[in-house]
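The next block is structure.csv, given as CSV, C-alpha atoms and all ligand atoms.
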```csv
chain,number,residue,atom,x,y,z
A,1,MET,CA,-7.2,-15.8,12.7
A,2,SER,CA,-4.6,-17.9,11.0
A,3,TYR,CA,-3.0,-17.6,7.6
A,4,ASN,CA,-0.8,-19.8,5.4
A,5,THR,CA,0.6,-17.3,3.1
A,6,LEU,CA,1.0,-14.2,5.2
A,7,ILE,CA,1.8,-13.1,8.7
A,8,LEU,CA,-0.4,-10.5,10.4
A,9,THR,CA,1.2,-9.1,13.6
A,10,ILE,CA,-0.2,-6.4,15.8
A,11,ASP,CA,2.2,-4.4,17.9
A,12,GLY,CA,0.1,-1.9,19.9
A,13,PRO,CA,-1.5,0.4,17.4
A,14,ALA,CA,0.6,-0.7,14.4
A,15,ALA,CA,-0.3,-3.8,12.4
A,16,THR,CA,2.2,-5.4,10.0
A,17,LEU,CA,0.9,-7.6,7.2
A,18,SER,CA,3.8,-9.6,5.7
A,19,PHE,CA,3.5,-11.6,2.5
A,20,ASN,CA,5.0,-15.0,3.3
A,21,ARG,CA,5.9,-17.3,0.4
A,22,PRO,CA,9.6,-16.4,0.4
A,23,GLU,CA,10.6,-19.5,-1.7
A,24,LYS,CA,8.4,-18.1,-4.5
A,25,LEU,CA,9.4,-14.5,-3.9
A,26,ASN,CA,5.9,-14.0,-2.4
A,27,ALA,CA,4.2,-14.5,-5.8
A,28,LEU,CA,0.5,-13.9,-5.2
A,29,ASN,CA,-1.5,-17.1,-5.8
A,30,PRO,CA,-5.2,-17.4,-5.2
A,31,GLU,CA,-4.8,-18.5,-1.6
A,32,MET,CA,-2.7,-15.5,-0.8
A,33,LEU,CA,-5.1,-13.1,-2.5
A,34,ALA,CA,-8.0,-14.6,-0.5
A,35,GLU,CA,-6.0,-14.4,2.8
A,36,PHE,CA,-4.9,-10.8,1.9
A,37,SER,CA,-8.6,-10.0,1.5
A,38,ARG,CA,-9.5,-11.5,4.9
A,39,ALA,CA,-6.6,-9.7,6.5
A,40,VAL,CA,-7.7,-6.3,5.1
A,41,ASP,CA,-11.1,-6.9,6.7
A,42,ALA,CA,-9.6,-8.0,10.0
A,43,VAL,CA,-7.5,-4.8,10.1
A,44,ARG,CA,-10.6,-2.7,9.3
A,45,ALA,CA,-12.6,-4.3,12.1
A,46,ASP,CA,-10.0,-3.7,14.7
A,47,GLN,CA,-10.5,-0.2,16.0
A,48,ALA,CA,-7.2,-0.3,18.0
A,49,ILE,CA,-5.1,-0.5,14.8
A,50,ARG,CA,-4.1,3.0,13.8
A,51,VAL,CA,-1.5,2.3,11.0
A,52,LEU,CA,-0.8,-0.7,8.7
A,53,LEU,CA,2.5,-1.6,7.2
A,54,LEU,CA,2.8,-4.1,4.3
A,55,THR,CA,6.1,-6.0,3.9
A,56,GLY,CA,7.4,-9.1,2.3
A,57,GLN,CA,9.4,-12.0,3.9
A,58,GLY,CA,12.6,-13.1,2.2
A,59,ARG,CA,14.2,-11.3,-0.7
A,60,ALA,CA,11.1,-9.7,-2.2
A,61,PHE,CA,8.1,-7.6,-1.4
A,62,ILE,CA,6.0,-9.4,-4.1
A,63,ALA,CA,7.4,-10.6,-7.5
A,64,GLY,CA,4.0,-10.5,-9.1
A,65,ALA,CA,0.9,-12.6,-9.3
A,66,ASP,CA,1.8,-16.3,-9.4
A,67,ILE,CA,2.6,-17.0,-13.1
A,68,LYS,CA,1.6,-20.7,-12.9
A,69,GLN,CA,-2.1,-19.8,-12.6
A,70,PHE,CA,-2.2,-18.0,-16.0
A,71,LEU,CA,-2.0,-21.3,-18.0
A,72,GLU,CA,-5.4,-22.3,-16.4
A,73,LEU,CA,-7.2,-19.1,-17.4
A,74,ASP,CA,-9.8,-18.7,-20.1
A,75,PRO,CA,-11.2,-15.2,-20.8
A,76,LEU,CA,-14.0,-15.6,-18.2
A,77,ARG,CA,-11.6,-16.6,-15.5
A,78,ALA,CA,-9.2,-14.0,-16.5
A,79,ARG,CA,-11.8,-11.3,-16.0
A,80,GLN,CA,-12.7,-12.8,-12.6
A,81,LEU,CA,-9.1,-12.7,-11.5
A,82,ALA,CA,-8.8,-9.0,-12.6
A,83,HIS,CA,-11.9,-8.1,-10.7
A,84,ALA,CA,-10.9,-10.1,-7.6
A,85,GLY,CA,-7.5,-8.3,-7.3
A,86,GLN,CA,-9.0,-4.9,-8.0
A,87,GLU,CA,-11.7,-5.4,-5.4
A,88,VAL,CA,-9.2,-6.2,-2.6
A,89,LEU,CA,-7.0,-3.2,-3.6
A,90,PHE,CA,-10.0,-0.9,-3.5
A,91,ARG,CA,-10.8,-2.2,0.0
A,92,LEU,CA,-7.1,-1.7,1.0
A,93,GLU,CA,-7.2,1.8,-0.4
A,94,ALA,CA,-10.4,2.6,1.5
A,95,LEU,CA,-9.0,1.8,4.9
A,96,PRO,CA,-9.4,4.9,7.1
A,97,ILE,CA,-5.9,4.5,8.6
A,98,PRO,CA,-2.5,5.2,6.9
A,99,VAL,CA,-1.2,2.2,5.0
A,100,ILE,CA,2.5,2.2,4.1
A,101,ALA,CA,4.0,-0.2,1.6
A,102,CYS,CA,7.5,-1.0,3.0
A,103,VAL,CA,9.1,-2.6,0.1
A,104,HIS,CA,12.4,-4.3,-0.7
A,105,GLY,CA,13.9,-6.6,-3.3
A,106,PHE,CA,11.4,-7.3,-6.1
A,107,VAL,CA,8.2,-5.2,-6.5
A,108,LEU,CA,6.9,-6.5,-9.8
A,109,GLY,CA,3.6,-6.9,-11.6
A,110,GLY,CA,0.8,-7.4,-9.0
A,111,GLY,CA,3.3,-6.5,-6.3
A,112,LEU,CA,3.7,-3.1,-7.8
A,113,GLU,CA,-0.1,-2.8,-8.0
A,114,VAL,CA,-0.4,-3.7,-4.3
A,115,ALA,CA,2.2,-1.1,-3.4
A,116,LEU,CA,0.5,1.6,-5.5
A,117,ALA,CA,-2.8,1.0,-3.7
A,118,CYS,CA,-1.1,2.0,-0.4
A,119,ASP,CA,-1.0,5.6,0.8
A,120,PHE,CA,2.7,5.8,0.1
A,121,ILE,CA,5.7,3.6,-0.5
A,122,TYR,CA,8.9,3.5,1.5
A,123,ALA,CA,11.6,1.5,-0.3
A,124,ALA,CA,14.9,-0.1,0.7
A,125,ALA,CA,17.8,1.0,-1.5
A,126,ASN,CA,18.0,-2.5,-3.1
A,127,THR,CA,14.4,-2.4,-4.5
A,128,LYS,CA,13.6,-3.1,-8.1
A,129,PHE,CA,10.2,-2.0,-9.4
A,130,GLY,CA,8.5,-3.1,-12.7
A,131,ALA,CA,5.4,-4.1,-14.6
A,132,PRO,CA,6.7,-7.0,-16.7
A,133,GLU,CA,3.3,-8.5,-17.5
A,134,VAL,CA,3.7,-7.4,-21.2
A,135,ASN,CA,6.5,-10.0,-21.5
A,136,LEU,CA,4.0,-12.7,-20.6
A,137,GLY,CA,1.5,-11.5,-23.2
A,138,PHE,CA,-1.0,-9.5,-21.2
A,139,ASN,CA,-1.6,-6.1,-19.6
A,140,PRO,CA,-1.5,-5.4,-15.8
A,141,CYS,CA,-5.0,-5.5,-14.5
A,142,TRP,CA,-5.2,-4.7,-10.8
A,143,GLY,CA,-5.3,-0.9,-11.3
A,144,GLY,CA,-1.5,-0.5,-11.7
A,145,PRO,CA,-1.7,1.3,-15.1
A,146,GLN,CA,-4.4,3.6,-13.8
A,147,ARG,CA,-2.7,4.5,-10.5
A,148,LEU,CA,0.7,4.8,-12.2
A,149,ALA,CA,-0.7,7.2,-14.8
A,150,ARG,CA,-2.4,9.3,-12.1
A,151,LEU,CA,0.7,9.3,-9.9
A,152,ALA,CA,3.4,9.9,-12.5
A,153,GLY,CA,1.7,10.7,-15.8
A,154,LYS,CA,0.6,8.7,-18.8
A,155,THR,CA,4.0,8.8,-20.5
A,156,LEU,CA,5.8,7.1,-17.6
A,157,ALA,CA,2.9,4.6,-17.1
A,158,LYS,CA,3.0,3.7,-20.7
A,159,GLU,CA,6.8,3.5,-20.9
A,160,LEU,CA,7.0,1.2,-17.8
A,161,CYS,CA,4.1,-1.0,-18.8
A,162,LEU,CA,5.0,-1.3,-22.5
A,163,THR,CA,8.7,-2.0,-22.0
A,164,GLY,CA,8.4,-4.0,-18.8
A,165,ARG,CA,11.8,-2.6,-17.8
A,166,LEU,CA,12.8,-2.7,-14.1
A,167,ILE,CA,13.7,0.5,-12.3
A,168,ASP,CA,15.7,0.9,-9.1
A,169,ALA,CA,14.5,2.7,-5.9
A,170,GLU,CA,16.3,5.9,-6.7
A,171,GLU,CA,14.7,6.2,-10.1
A,172,ALA,CA,11.3,5.3,-8.6
A,173,ARG,CA,11.7,8.1,-6.1
A,174,ASN,CA,12.7,10.6,-8.8
A,175,LEU,CA,9.6,9.6,-10.7
A,176,GLY,CA,7.4,10.2,-7.7
A,177,LEU,CA,6.4,6.6,-7.1
A,178,VAL,CA,8.3,6.3,-3.9
A,179,ALA,CA,8.1,8.7,-1.0
A,180,ARG,CA,11.4,7.8,0.7
A,181,VAL,CA,14.4,5.5,0.1
A,182,PHE,CA,16.3,4.1,3.1
A,183,PRO,CA,19.6,2.0,3.3
A,184,GLU,CA,18.8,-1.7,3.5
A,185,ALA,CA,20.2,-2.0,7.1
A,186,SER,CA,18.0,0.7,8.7
A,187,PHE,CA,15.0,0.3,6.4
A,188,LEU,CA,12.6,-1.7,8.6
A,189,GLU,CA,13.4,0.4,11.7
A,190,GLU,CA,12.7,3.6,9.7
A,191,CYS,CA,9.4,2.1,8.6
A,192,ARG,CA,8.5,1.2,12.2
A,193,ASN,CA,9.5,4.6,13.4
A,194,ALA,CA,7.2,6.2,10.8
A,195,ALA,CA,4.4,3.9,12.0
A,196,ARG,CA,4.9,4.9,15.6
A,197,ASN,CA,4.8,8.6,14.7
A,198,LEU,CA,1.6,8.2,12.7
A,199,ALA,CA,0.0,6.1,15.4
A,200,ALA,CA,0.5,9.0,17.9
A,201,LYS,CA,-1.4,11.5,15.7
A,202,SER,CA,-5.2,12.2,15.8
A,203,ARG,CA,-7.0,9.4,14.0
A,204,LEU,CA,-9.7,11.8,12.9
A,205,ALA,CA,-7.1,14.2,11.4
A,206,LEU,CA,-5.3,11.3,9.5
A,207,GLU,CA,-8.6,10.0,8.1
A,208,SER,CA,-9.5,13.6,7.0
A,209,VAL,CA,-6.2,14.0,5.2
A,210,LYS,CA,-6.8,10.7,3.3
A,211,LYS,CA,-10.4,11.6,2.5
A,212,VAL,CA,-9.5,15.0,1.0
A,213,ILE,CA,-6.6,13.7,-1.1
A,214,ASP,CA,-8.2,10.5,-2.3
A,215,GLY,CA,-11.6,12.1,-2.8
A,216,GLY,CA,-10.2,15.2,-4.5
A,217,ALA,CA,-7.7,13.4,-6.8
A,218,ASP,CA,-10.2,12.7,-9.6
A,219,ALA,CA,-12.4,15.7,-8.9
A,220,ASP,CA,-12.1,19.3,-10.2
A,221,LEU,CA,-10.4,21.8,-8.0
A,222,LYS,CA,-13.5,23.4,-6.5
A,223,THR,CA,-15.0,20.0,-5.6
A,224,GLY,CA,-11.7,19.0,-4.0
A,225,CYS,CA,-11.5,22.3,-2.0
A,226,ALA,CA,-15.1,21.8,-0.9
A,227,LEU,CA,-14.1,18.4,0.5
A,228,GLU,CA,-11.3,20.0,2.4
A,229,ALA,CA,-13.6,22.6,4.0
A,230,GLU,CA,-16.1,19.9,5.0
A,231,ASN,CA,-13.5,17.6,6.5
A,232,PHE,CA,-11.8,20.6,8.2
A,233,ALA,CA,-15.1,21.4,9.9
A,234,LEU,CA,-15.6,17.8,11.0
A,235,CYS,CA,-12.2,17.8,12.7
A,236,PHE,CA,-13.7,20.3,15.2
A,237,VAL,CA,-16.5,17.9,16.2
A,238,GLY,CA,-14.2,16.0,18.6
A,239,PRO,CA,-11.7,17.0,21.2
A,240,ASP,CA,-8.5,16.5,19.2
A,241,VAL,CA,-8.1,20.0,17.8
A,242,GLU,CA,-8.3,21.5,21.3
A,243,GLU,CA,-5.8,18.9,22.5
A,244,GLY,CA,-3.4,19.5,19.6
A,245,VAL,CA,-3.5,23.2,19.8
A,246,SER,CA,-3.3,23.3,23.6
A,247,ALA,CA,-0.3,20.9,23.6
A,248,PHE,CA,1.5,23.2,21.1
A,249,LEU,CA,0.8,26.3,23.3
A,250,GLU,CA,1.9,24.4,26.5
A,251,LYS,CA,5.0,23.0,24.8
A,252,ARG,CA,4.1,19.4,25.4
A,253,LYS,CA,3.3,16.3,23.3
A,254,PRO,CA,-0.4,16.0,22.5
A,255,ARG,CA,-2.5,13.0,23.7
A,256,PHE,CA,-5.2,12.6,21.1
A,257,GLN,CA,-8.4,10.7,21.9
A,258,SER,CA,-9.6,9.7,18.5
A,301,LIG,N1,5.1,-16.4,-10.1
A,301,LIG,C1,5.4,-17.6,-9.8
A,301,LIG,N2,6.7,-18.0,-9.3
A,301,LIG,C2,7.6,-17.0,-9.2
A,301,LIG,C3,7.3,-15.6,-9.6
A,301,LIG,C4,6.0,-15.3,-10.0
A,301,LIG,N3,5.6,-14.1,-10.4
A,301,LIG,N4,8.4,-14.9,-9.4
A,301,LIG,C5,9.4,-15.7,-8.9
A,301,LIG,N5,8.9,-17.0,-8.8
A,301,LIG,C6,9.5,-18.2,-8.3
A,301,LIG,C7,10.5,-18.8,-9.3
A,301,LIG,O1,9.8,-19.5,-10.3
A,301,LIG,C8,11.4,-19.6,-8.4
A,301,LIG,O2,10.8,-20.8,-8.1
A,301,LIG,P1,11.6,-22.2,-8.2
A,301,LIG,O3,12.7,-22.0,-7.2
A,301,LIG,O4,10.5,-23.2,-7.8
A,301,LIG,O5,12.0,-22.3,-9.6
A,301,LIG,C9,11.5,-18.7,-7.2
A,301,LIG,O6,10.3,-17.9,-7.2
A,301,LIG,C10,12.7,-17.8,-7.1
A,301,LIG,O7,12.8,-17.1,-8.3
A,301,LIG,P2,14.0,-17.0,-9.3
A,301,LIG,O8,13.5,-16.7,-10.6
A,301,LIG,O9,14.8,-18.3,-9.1
A,301,LIG,O10,14.9,-15.8,-8.7
A,301,LIG,P3,15.9,-14.8,-9.4
A,301,LIG,O11,16.5,-14.0,-8.4
A,301,LIG,O12,16.7,-15.6,-10.4
A,301,LIG,O13,14.9,-13.9,-10.3
A,301,LIG,C11,13.0,-12.5,-10.7
A,301,LIG,C12,14.0,-13.0,-9.7
A,301,LIG,C13,12.0,-11.7,-9.9
A,301,LIG,C14,13.7,-11.6,-11.7
A,301,LIG,C15,12.3,-13.6,-11.5
A,301,LIG,O14,11.8,-14.6,-10.5
A,301,LIG,C16,11.1,-13.2,-12.3
A,301,LIG,O15,11.3,-12.6,-13.4
A,301,LIG,N6,9.9,-13.4,-11.8
A,301,LIG,C17,8.7,-13.1,-12.5
A,301,LIG,C18,8.4,-11.6,-12.5
A,301,LIG,C19,7.1,-11.3,-13.2
A,301,LIG,O16,7.0,-11.5,-14.4
A,301,LIG,N7,6.1,-10.9,-12.5
A,301,LIG,C20,4.8,-10.5,-13.1
A,301,LIG,C21,3.9,-11.6,-13.0
A,301,LIG,S1,2.3,-11.2,-13.6
```

For the file at hand, write its structure as C-alpha cells.
Amino acid sequence: MSYNTLILTIDGPAATLSFNRPEKLNALNPEMLAEFSRAVDAVRADQAIRVLLLTGQGRAFIAGADIKQFLELDPLRARQLAHAGQEVLFRLEALPIPVIACVHGFVLGGGLEVALACDFIYAAANTKFGAPEVNLGFNPCWGGPQRLARLAGKTLAKELCLTGRLIDAEEARNLGLVARVFPEASFLEECRNAARNLAAKSRLALESVKKVIDGGADADLKTGCALEAENFALCFVGPDVEEGVSAFLEKRKPRFQS
C-alpha cells in the first residue's frame, strides 16, 4: 500500500507511521487525513504488528491541520471536517495494540489532538505543544479539549485552548500530558527501545491493560473495577500467564504466544 503524505514502515512487530510533509511542518491536509485513516486500518488488519509508533519527518511532529483549507469551509463542511478527524482518532484510540506518539518540534492544533489520542506521548526535549486554533477564530474539534480536560483537568484545558500559548516538553510532562522527555539526540532510539520492550510482552495482557484503563476512565469506580476483574479472568484463558509466571520462577525471559 503506498502513501503520498506519510511513511508506514514495519520492522518486525513494530510499525512506525511517520507524517511526511516536512516542507509544511506536516500540516494535516485532507489527503493526509485520508491516508492516516487508511494506515490505521492497515495496522489493525496486520496481526503481526504488536506496537505502533507515530512520528513526524523534518522539524515537526504535526504543526496542526492545514490552515489553507479553512478558507474553503462553510458550516456544513466544517462539521464534516470535525467528524472526519474525530472518527480517525477514535479508530486510532481503539487499536488493541500500544500506540506511542513519539513527538518532536511542533505539536500544534490537530497534531496535539493526534498525540492525545495515542496511549501515551514520549517527547524530545525540543518539543513545543499548543492549541493555537483560537488565534484563527475557532475551537479545536478533534477531541483535543475533551482529552486534555480528562487528562489534565478542565482548568488547564481551558487555559491552553483559550490562550493558545505554547508550552515546552518539560512543562507538558509536569502537567501530565507527556509520559517521558528524552534528549533530542537519543529520542528516537529511546522510542524504538520502548517499542521493542512492549512487543516482547503478552499481546493479551497489553490489550487488557488498555481495555481496563480506557473503558474505566469515564465510568464510575465500581464499573471500572468490574472491568478489571473480567479482563483479569480473560488473561487466564490463554497460555501467557503460565509462561510469564514460569519464566519468572525459572529466572528466564518469557516467550509469550499471544
Ligand atoms: N497549515 C498550513 N501550513 C503550515 C502550517 C499549518 N498548520 N504550519 C506550518 N505551515 C507551513 C508554513 O506556511 C510554511 O510554508 P511556506 O514555506 O510555504 O510558507 C512552512 O509550513 C514552514 O513554516 P514556517 O511558519 O515558515 O516555520 P516557522 O518555524 O517560522 O514557524 C510555526 C513554525 C509552527 C510556529 C508556524 O508555522 C505556525 O504558527 N504554524 C501554524 C500553527 C497553527 O496555528 N496550527 C493550528 C492549525 S488549526

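Proximity of A:Glu207, A:Glu31, A:Glu189, A:Asp240 to Ala84 (chain A), computed with all atoms listed in the file, is greatest for A:Glu31.
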
request  = Fewer than 2 positions away in the same chain doesn't count, so skip those; otherwise give me all residues within 12 Å of region 59-61 of chain A, counting only C-alpha atoms, as a ChimeraX atom specification.
outcome  = /A:6,17-28,53-57,63-65,101-115,121-124,126-129,184

task = Would you mind listing what lies within 10 Å of region 36-51 of chain A as a PyMOL selection string, with only C-alpha atoms counted and same-chain residues fewer than 4 positions away left out?
result = chain A and resi 1-3+5-8+10-19+28+30-32+84-85+87-89+91-100+194-203+206+258

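Between CA of Lys251 (chain A) and CA of Cys191 (chain A) the separation is 26.8 Å.
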
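Between atom C3 of ligand LIG 301 (chain A) and CA of Leu148 (chain A) the separation is 21.6 Å.
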
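If only C-alpha atoms and all ligand atoms are the atoms counted, then among A:Ser186, A:Asn174, A:Thr163, A:Asn139 the closest residue to ligand LIG 301 (chain A) is A:Asn139.
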
key: region 152-156 of chain A environment, 8 Å, all atoms listed in the file, sequence neighbours closer than 3 positions dropped, as a list in words   = Leu148, Ala149, Glu159, Leu160, Leu175, Gly176 and Leu177 of chain A

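The space between atom C6 of ligand LIG 301 (chain A) and CA of Val178 (chain A) spans 24.9 Å.
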
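When all atoms listed in the file are used to compute distances to Gln86 (chain A), the closest of the residues A:Gly130, A:Gly164, A:Gly58, A:Pro145 turns out to be A:Pro145.
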
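Closest approach to ligand LIG 301 (chain A) among A:Arg147, A:Lys68, A:Arg192, A:Lys222 is made by A:Lys68 (distances from all atoms listed in the file).
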
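The closest residue to ligand LIG 301 (chain A), picked from A:Glu190, A:Glu230, A:Glu133, A:Asp119 and counting all atoms listed in the file, is A:Glu133.
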
message = Give me the residues near Lys253 (chain A) as a PyMOL selection string, where near means some atom within 10 Å (using all atoms listed in the file) and where sequence neighbours in that chain fewer than 4 positions away do not count.
response = chain A and resi 200+243-244+246-248

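For the residues A:Ala125, A:Leu73, A:Val237, A:Ala226, ranking by smallest atom-to-atom distance to Phe182 (chain A) using only C-alpha atoms places A:Ala125 first.
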
task = Could you please give me, as a PyMOL selection string, the residues of protein, DNA or RNA lying at most 12 Å from (-6.6, -9.8, -16.8) in the coordinate frame of the file, considering only C-alpha atoms?
result = chain A and resi 65+69-70+73-86+109-110+133-134+136-144

inquiry  = List as a PyMOL selection string the protein and nucleic acid residues near Ala217 (chain A), meaning an atom at most 12 Å away when only C-alpha atoms are counted, but skip any in the same chain fewer than 6 places from it.
reply    = chain A and resi 147+150-151+210-211+223-225+227-228
